[in-house]
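To keep things clear, I will list the structure first and then write my remarks on it.
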Amino acid sequence: MGFYVVKRLLSAIPTLFIIVTISFFLIRLAPGGPFDLERPLEAKVMENLRKIYQLDKPLYEQYWLYLSALMRGDFGPSFFFRDFTIRELFANGLPISMRLGFSALLLALVVGGTLGVVAAFRQNQAADYAVIGLATFGITVPTFVIAPVLQIVFGLTLAWLPVGGWNDGALRNTVLPILTLALPQIAVIARMMRAAMIEVLRSNPIRTLRANGLPLSVIVRHALRGAALPVVSYLGPAAAALLTGSVVVETIFGIPGVGRYFVDGALNRDYTLVMGTVIMIAVFVMAFNLLVDIVYALIDPRVRYE
Amino acid sequence: MAAADLNAPAPQPAGVPVLAIRDLDVRFRTGDGELRAVKGVSFDVAAGETLAIVGESGSGKSQTMMAVMGLLAANGAATGSVTVGGEEILGLSPRQLNRFRGRRLGMIFQEPMTSLDPLYRIGDQLAEPLLAHAGMSRKEARARALELLTLVGIPRPAERLDSYPHELSGGQRQRVMIAMALANRPEVLIADEPTTALDVTIQAQVLDLLADLKRRFGMAIVFITHDLGIVRRIADRVVVMKSGQIVETGRTEEVFAAPREAYTRMLLAAEPTGRKEPPPADAPPVVEARDVRVSFNLRKGWFGGGDRELVAVDGVDLLLRRGGTIGIVGESGSGKSTLGRAVLRLVPSSGTVRFEDRDLTSLDRSAMRPVRRRMQLVFQDPFGSLSPRMTVGEIITEGLLVHEPAITRAERNRRAAQALEEVSLDPASRNRFPHEFSGGQRQRIAIARTMILKPAVVVLDEPTSALDRSVQKEIVELLRDLQRRHGLSYLFISHDLAVVRAIADEIIVMKSGKVVERGTVDGIFRDAHEPYTQALIAAAFLSKEAGPAA
């Protein structure tokens, strides 16, 4: 197992290299550049800027310079957020996005998982239909509708919680964004858990438990472990997506996370910011997929990695 | 209960049946309306007796006992009365039912491979009924689990406590299931076809184990089976079921000696009977295989070091003449199916295979295609091998589209009707879908699919194993008939020597990829040298004796 993890970590290096290379050239293929404004800059100013940011060098040299800086852990300066390096931007924003994402994930797992299990045990009864209805609602209604509704209800009408802002991460300020992030995940996890549970409850091992007169608590324990497998597979990519921030939620609630950088960076042709975002997401996706595979092997003894 | 000695006989209440079933009805709500699977069934199980419930698939024998255990599917419901030692248990809540299940009633199932939870260790699963019912501590339960594993004859039981189910064979898993069901010394053990999924030699071992445990514990056994050989061997009394009703019941010897009902007589006579005429000695060879060897590489992946090689077929020769049938027998994993596929060149192999006068070894895919038409294959699973989305006509004529693309739709249709007639199915059924047919009918469809191409050789891979005995007999008769009419040659792969005896001229016995014994059918049955072959024959004899003078 340890050997397998090392192997997976080593194989991440070429993968990252390919991702970095493709994104480096792709973003530069897009028309326009980081300093194109509606009112064009004076030629002299432009030339100066390009020189400072080394955009005047040939492309292959830029690529080489970027790669060698990357090796040293230097992601370069942001082209748009002047006076900030990419590293500083992420050092400030990533903990915020991760805190929101992690809380949302935990909430989704607990609430969605519980709803799914309850629905499976009450299949085709009122509770089951309620869960299915809620899940369909959570999947179909987009975040940019849910967020303003929550703001209006809890922020303006009831005035229980602030409408937006980060306020140094005060708990009151995190409730609505976490809820908004979690709701669609609750829906997806509840549905998956329900389907997996129903299948497991009909399976032969559970029939054996029933035939041996084992109490519901034992049946639930066995069924949960079996039904956890598909949910765990889903959680890898979902966690990577949640922890790297959400543009919509961060924009609507005015949260200084990193989710918005993907859109900001691309629109502003902030080459280094786009690269930083791509690398961050790639690392998260690979890390969580590895984590999922490890958890999978812990749950299912038939899975063995060599 | 906790202190009970495993070897002490169970208390035997006099007179009162341990299990009494009265007017039991089982109904299922289905898309096509209500299905009444069990219709007013009544019988008693006396303490310490072995009662067999026999019947073909769909007779309601399993559902009767599933209803007793409260294990019916969600769309099923049971009415009537089921009493255990005088207490009514039908209609109890699961919690109330758990005072009986696992304590006074135990049950084991047909599917040993999937009946244990793959995610938990054997010892932990065995401990669960002890923790739940006997009020033991974890430590006591583990000690008892070890005793139970020893009792059911699991080798190296202490190690096995920490094994996972996938590390055990099917026979061992069924032993674990038995240990679990008997953990709390139930008065009745319900065994639903517990040996059907096991190899024949393992079957015999499990039956011996059950008989032994019954002697020691004095529990009653309700044994659900379609196999009359097993009934004769173990049962005191028999209940014969058909279409949800009991048609006959009585002491085993009496029912076997003088069956009153036509259905019972049909079941008893359902062994494949008769023999095949061997082809003339000068019949031309159709398939000649020399030194066939098939191996699979079990790769370990990069850095993994040396690959391991699994030899599935190890240097087998065979000669099949026109009109001849070679029976290839052996247990699962013996390489018999792989040999069949190697002859058809469906798996890569070394050695030579000649078909008629051509060497197939050197042919590439396109050169093989015209040969493929003449060498066909029928599979074991009549449910999995027919596409549920195609009509029977489409399934049967699909091969024609490849091998005779020029013929018209009308001609294809005509040949489909002809092929169906040949396997005694209504030609009109070609517009219907596979799910509308029974297992035996589906196997006829699978045979029609090969016959339409007018093959010379057909490899039949356990074509009767998934079928009821009476249906097996019909399929064997159909195959013999088709062979006679068209001069076909068969490779008949099976683990069941009773069926092979009725259809083959020669028998090849395989074990671990090698031929351990070969000879004519009579020769093998008269004096098999290998203990392995003798075990296979003994296992087949279980069933064979059941028929009155086969």
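Within each chain, counting starts at residue 1; across the structure tokens, chains are named A, B, ... in the order shown, with ligands numbered 1 upward in that order.
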6 Å contacts from chain B to chain A using only C-alpha atoms, as a ChimeraX atom specification:
/B:98,101-102,115-117,119
Might you pull out every residue within 9 Å of A:Arg28, with only C-alpha atoms counted and same-chain residues fewer than 5 positions away left off, and present them as a list in words?
Ser23, Gly33, Arg269 and Tyr271 of chain A
Dump all heavy atoms for the selected residues as a PDB file, in the first residue's frame?
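As written to disk, part_10.pdb reads:
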```pdb
ATOM      1  N   SER A  23      -1.803  24.209 -20.591  1.00  0.00           N
ATOM      2  CA  SER A  23      -2.481  25.451 -20.205  1.00  0.00           C
ATOM      3  C   SER A  23      -1.629  26.667 -20.515  1.00  0.00           C
ATOM      4  O   SER A  23      -2.154  27.713 -20.902  1.00  0.00           O
ATOM      5  CB  SER A  23      -2.850  25.466 -18.715  1.00  0.00           C
ATOM      6  OG  SER A  23      -2.674  24.242 -18.135  1.00  0.00           O
ATOM      7  N   GLY A  33      -4.252  40.431 -24.503  1.00  0.00           N
ATOM      8  CA  GLY A  33      -3.196  40.204 -23.534  1.00  0.00           C
ATOM      9  C   GLY A  33      -3.552  40.856 -22.222  1.00  0.00           C
ATOM     10  O   GLY A  33      -4.596  41.510 -22.107  1.00  0.00           O
ATOM     11  N   ARG A 269      -6.876  37.995 -18.781  1.00  0.00           N
ATOM     12  CA  ARG A 269      -5.661  37.428 -19.382  1.00  0.00           C
ATOM     13  C   ARG A 269      -4.504  37.505 -18.388  1.00  0.00           C
ATOM     14  O   ARG A 269      -3.388  37.828 -18.751  1.00  0.00           O
ATOM     15  CB  ARG A 269      -5.279  38.173 -20.669  1.00  0.00           C
ATOM     16  CG  ARG A 269      -6.343  38.167 -21.732  1.00  0.00           C
ATOM     17  CD  ARG A 269      -6.470  36.789 -22.386  1.00  0.00           C
ATOM     18  NE  ARG A 269      -7.455  36.835 -23.455  1.00  0.00           N
ATOM     19  CZ  ARG A 269      -8.775  36.640 -23.270  1.00  0.00           C
ATOM     20  NH1 ARG A 269      -9.230  36.367 -22.065  1.00  0.00           N
ATOM     21  NH2 ARG A 269      -9.602  36.713 -24.283  1.00  0.00           N
ATOM     22  N   TYR A 271      -2.147  35.752 -17.066  1.00  0.00           N
ATOM     23  CA  TYR A 271      -1.590  34.442 -17.389  1.00  0.00           C
ATOM     24  C   TYR A 271      -1.148  33.664 -16.149  1.00  0.00           C
ATOM     25  O   TYR A 271      -1.460  32.490 -15.973  1.00  0.00           O
ATOM     26  CB  TYR A 271      -0.396  34.600 -18.343  1.00  0.00           C
ATOM     27  CG  TYR A 271      -0.756  35.145 -19.697  1.00  0.00           C
ATOM     28  CD1 TYR A 271       0.183  35.809 -20.460  1.00  0.00           C
ATOM     29  CD2 TYR A 271      -2.047  34.987 -20.218  1.00  0.00           C
ATOM     30  CE1 TYR A 271      -0.133  36.308 -21.712  1.00  0.00           C
ATOM     31  CE2 TYR A 271      -2.380  35.486 -21.464  1.00  0.00           C
ATOM     32  CZ  TYR A 271      -1.423  36.159 -22.213  1.00  0.00           C
ATOM     33  OH  TYR A 271      -1.744  36.650 -23.435  1.00  0.00           O
TER      34      TYR A 271
END
```
Set the distance at 12 Å and use only C-alpha atoms: which residues neighbour stretch 148-154 of chain A once local chain neighbours fewer than 2 positions away are removed? I'd like the list as a ChimeraX atom specification.
/A:141-146,156-165,172-173,175-181,183,248-249,251-253
Using only C-alpha atoms, which protein or nucleic acid residues come within 9 Å of B:Met390? Drop anything in the same chain fewer than 6 positions from it, and give the result as a PyMOL selection string.
chain B and resi 432-434
Could those residues be written to a file, using all heavy atoms, as a PDB file, in the first residue's frame?
```
ATOM      1  N   ARG B 432     -41.346 -12.768 -30.679  1.00  0.00           N
ATOM      2  CA  ARG B 432     -41.411 -12.459 -29.250  1.00  0.00           C
ATOM      3  C   ARG B 432     -40.008 -12.241 -28.684  1.00  0.00           C
ATOM      4  O   ARG B 432     -39.019 -12.452 -29.371  1.00  0.00           O
ATOM      5  CB  ARG B 432     -42.133 -13.596 -28.518  1.00  0.00           C
ATOM      6  CG  ARG B 432     -43.617 -13.630 -28.880  1.00  0.00           C
ATOM      7  CD  ARG B 432     -44.243 -14.966 -28.594  1.00  0.00           C
ATOM      8  NE  ARG B 432     -44.141 -15.302 -27.172  1.00  0.00           N
ATOM      9  CZ  ARG B 432     -44.434 -16.507 -26.691  1.00  0.00           C
ATOM     10  NH1 ARG B 432     -44.834 -17.471 -27.490  1.00  0.00           N
ATOM     11  NH2 ARG B 432     -44.329 -16.739 -25.401  1.00  0.00           N
ATOM     12  N   PHE B 433     -39.958 -11.788 -27.432  1.00  0.00           N
ATOM     13  CA  PHE B 433     -38.671 -11.472 -26.814  1.00  0.00           C
ATOM     14  C   PHE B 433     -38.266 -12.575 -25.822  1.00  0.00           C
ATOM     15  O   PHE B 433     -39.137 -13.254 -25.273  1.00  0.00           O
ATOM     16  CB  PHE B 433     -38.745 -10.119 -26.104  1.00  0.00           C
ATOM     17  CG  PHE B 433     -38.780  -8.958 -27.055  1.00  0.00           C
ATOM     18  CD1 PHE B 433     -39.980  -8.464 -27.536  1.00  0.00           C
ATOM     19  CD2 PHE B 433     -37.594  -8.388 -27.509  1.00  0.00           C
ATOM     20  CE1 PHE B 433     -40.002  -7.408 -28.430  1.00  0.00           C
ATOM     21  CE2 PHE B 433     -37.609  -7.336 -28.395  1.00  0.00           C
ATOM     22  CZ  PHE B 433     -38.810  -6.840 -28.862  1.00  0.00           C
ATOM     23  N   PRO B 434     -36.950 -12.717 -25.574  1.00  0.00           N
ATOM     24  CA  PRO B 434     -36.476 -13.825 -24.732  1.00  0.00           C
ATOM     25  C   PRO B 434     -37.137 -13.924 -23.361  1.00  0.00           C
ATOM     26  O   PRO B 434     -37.364 -15.016 -22.866  1.00  0.00           O
ATOM     27  CB  PRO B 434     -34.976 -13.545 -24.582  1.00  0.00           C
ATOM     28  CG  PRO B 434     -34.616 -12.780 -25.791  1.00  0.00           C
ATOM     29  CD  PRO B 434     -35.826 -11.959 -26.146  1.00  0.00           C
TER      30      PRO B 434
END
```
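Using only C-alpha atoms, the shortest contact distance between B:Val311 and any of B:Pro94, B:Gly55, B:Pro186, B:Gly335 is found at B:Gly335.
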Shell of 12 Å around B:Gly523, only C-alpha atoms, local chain residues under 4 positions omitted, as a short mmCIF file (atom, residue, chain, number, x, y, z; two decimals) with C-alpha atoms, in the first residue's frame:
```
data_model
loop_
_atom_site.label_atom_id
_atom_site.label_comp_id
_atom_site.auth_asym_id
_atom_site.auth_seq_id
_atom_site.Cartn_x
_atom_site.Cartn_y
_atom_site.Cartn_z
CA ARG B 501 -23.38 -40.51 -19.88
CA ASP B 505 -19.32 -41.59 -26.74
CA GLU B 506 -16.08 -40.73 -25.04
CA ILE B 507 -15.23 -38.91 -21.84
CA ILE B 508 -12.23 -36.75 -21.05
CA GLU B 517 -8.42 -39.91 -17.48
CA ARG B 518 -10.06 -40.65 -20.82
CA GLY B 519 -12.03 -43.47 -22.31
CA ASP B 527 -13.41 -48.95 -14.19
CA ALA B 528 -12.27 -45.41 -13.58
CA HIS B 529 -8.75 -45.51 -12.23
CA THR B 533 -13.04 -39.60 -11.59
#
```
Assign secondary structure with DSSP using the backbone only, and return the residues of stretch 53-300 of chain A in alpha helix (DSSP H) as a count of residues only.
184
Taking the DSSP secondary structure from the backbone, can you list the residues of stretch 309-432 of chain B that are strand (DSSP E or B), as an MDAnalysis selection string?
chainID B and resid 309:321 325:329 350:355 358:359 375:378
Got a sec: who's within 10 Å of B:Pro272, counting only C-alpha atoms, leaving out chain neighbours fewer than 5 positions off, as JSON, numbers by chain?
{"B": [469, 470, 471, 472, 473, 474, 475, 476, 477, 498, 499, 500, 501, 502, 503, 544, 547, 550]}
Could you give me, as a VMD selection string, the residues within 7 Å of B:Leu149, counting only C-alpha atoms and dropping anything in the same chain fewer than 5 positions from it?
chain B and resid 154 157 176 179
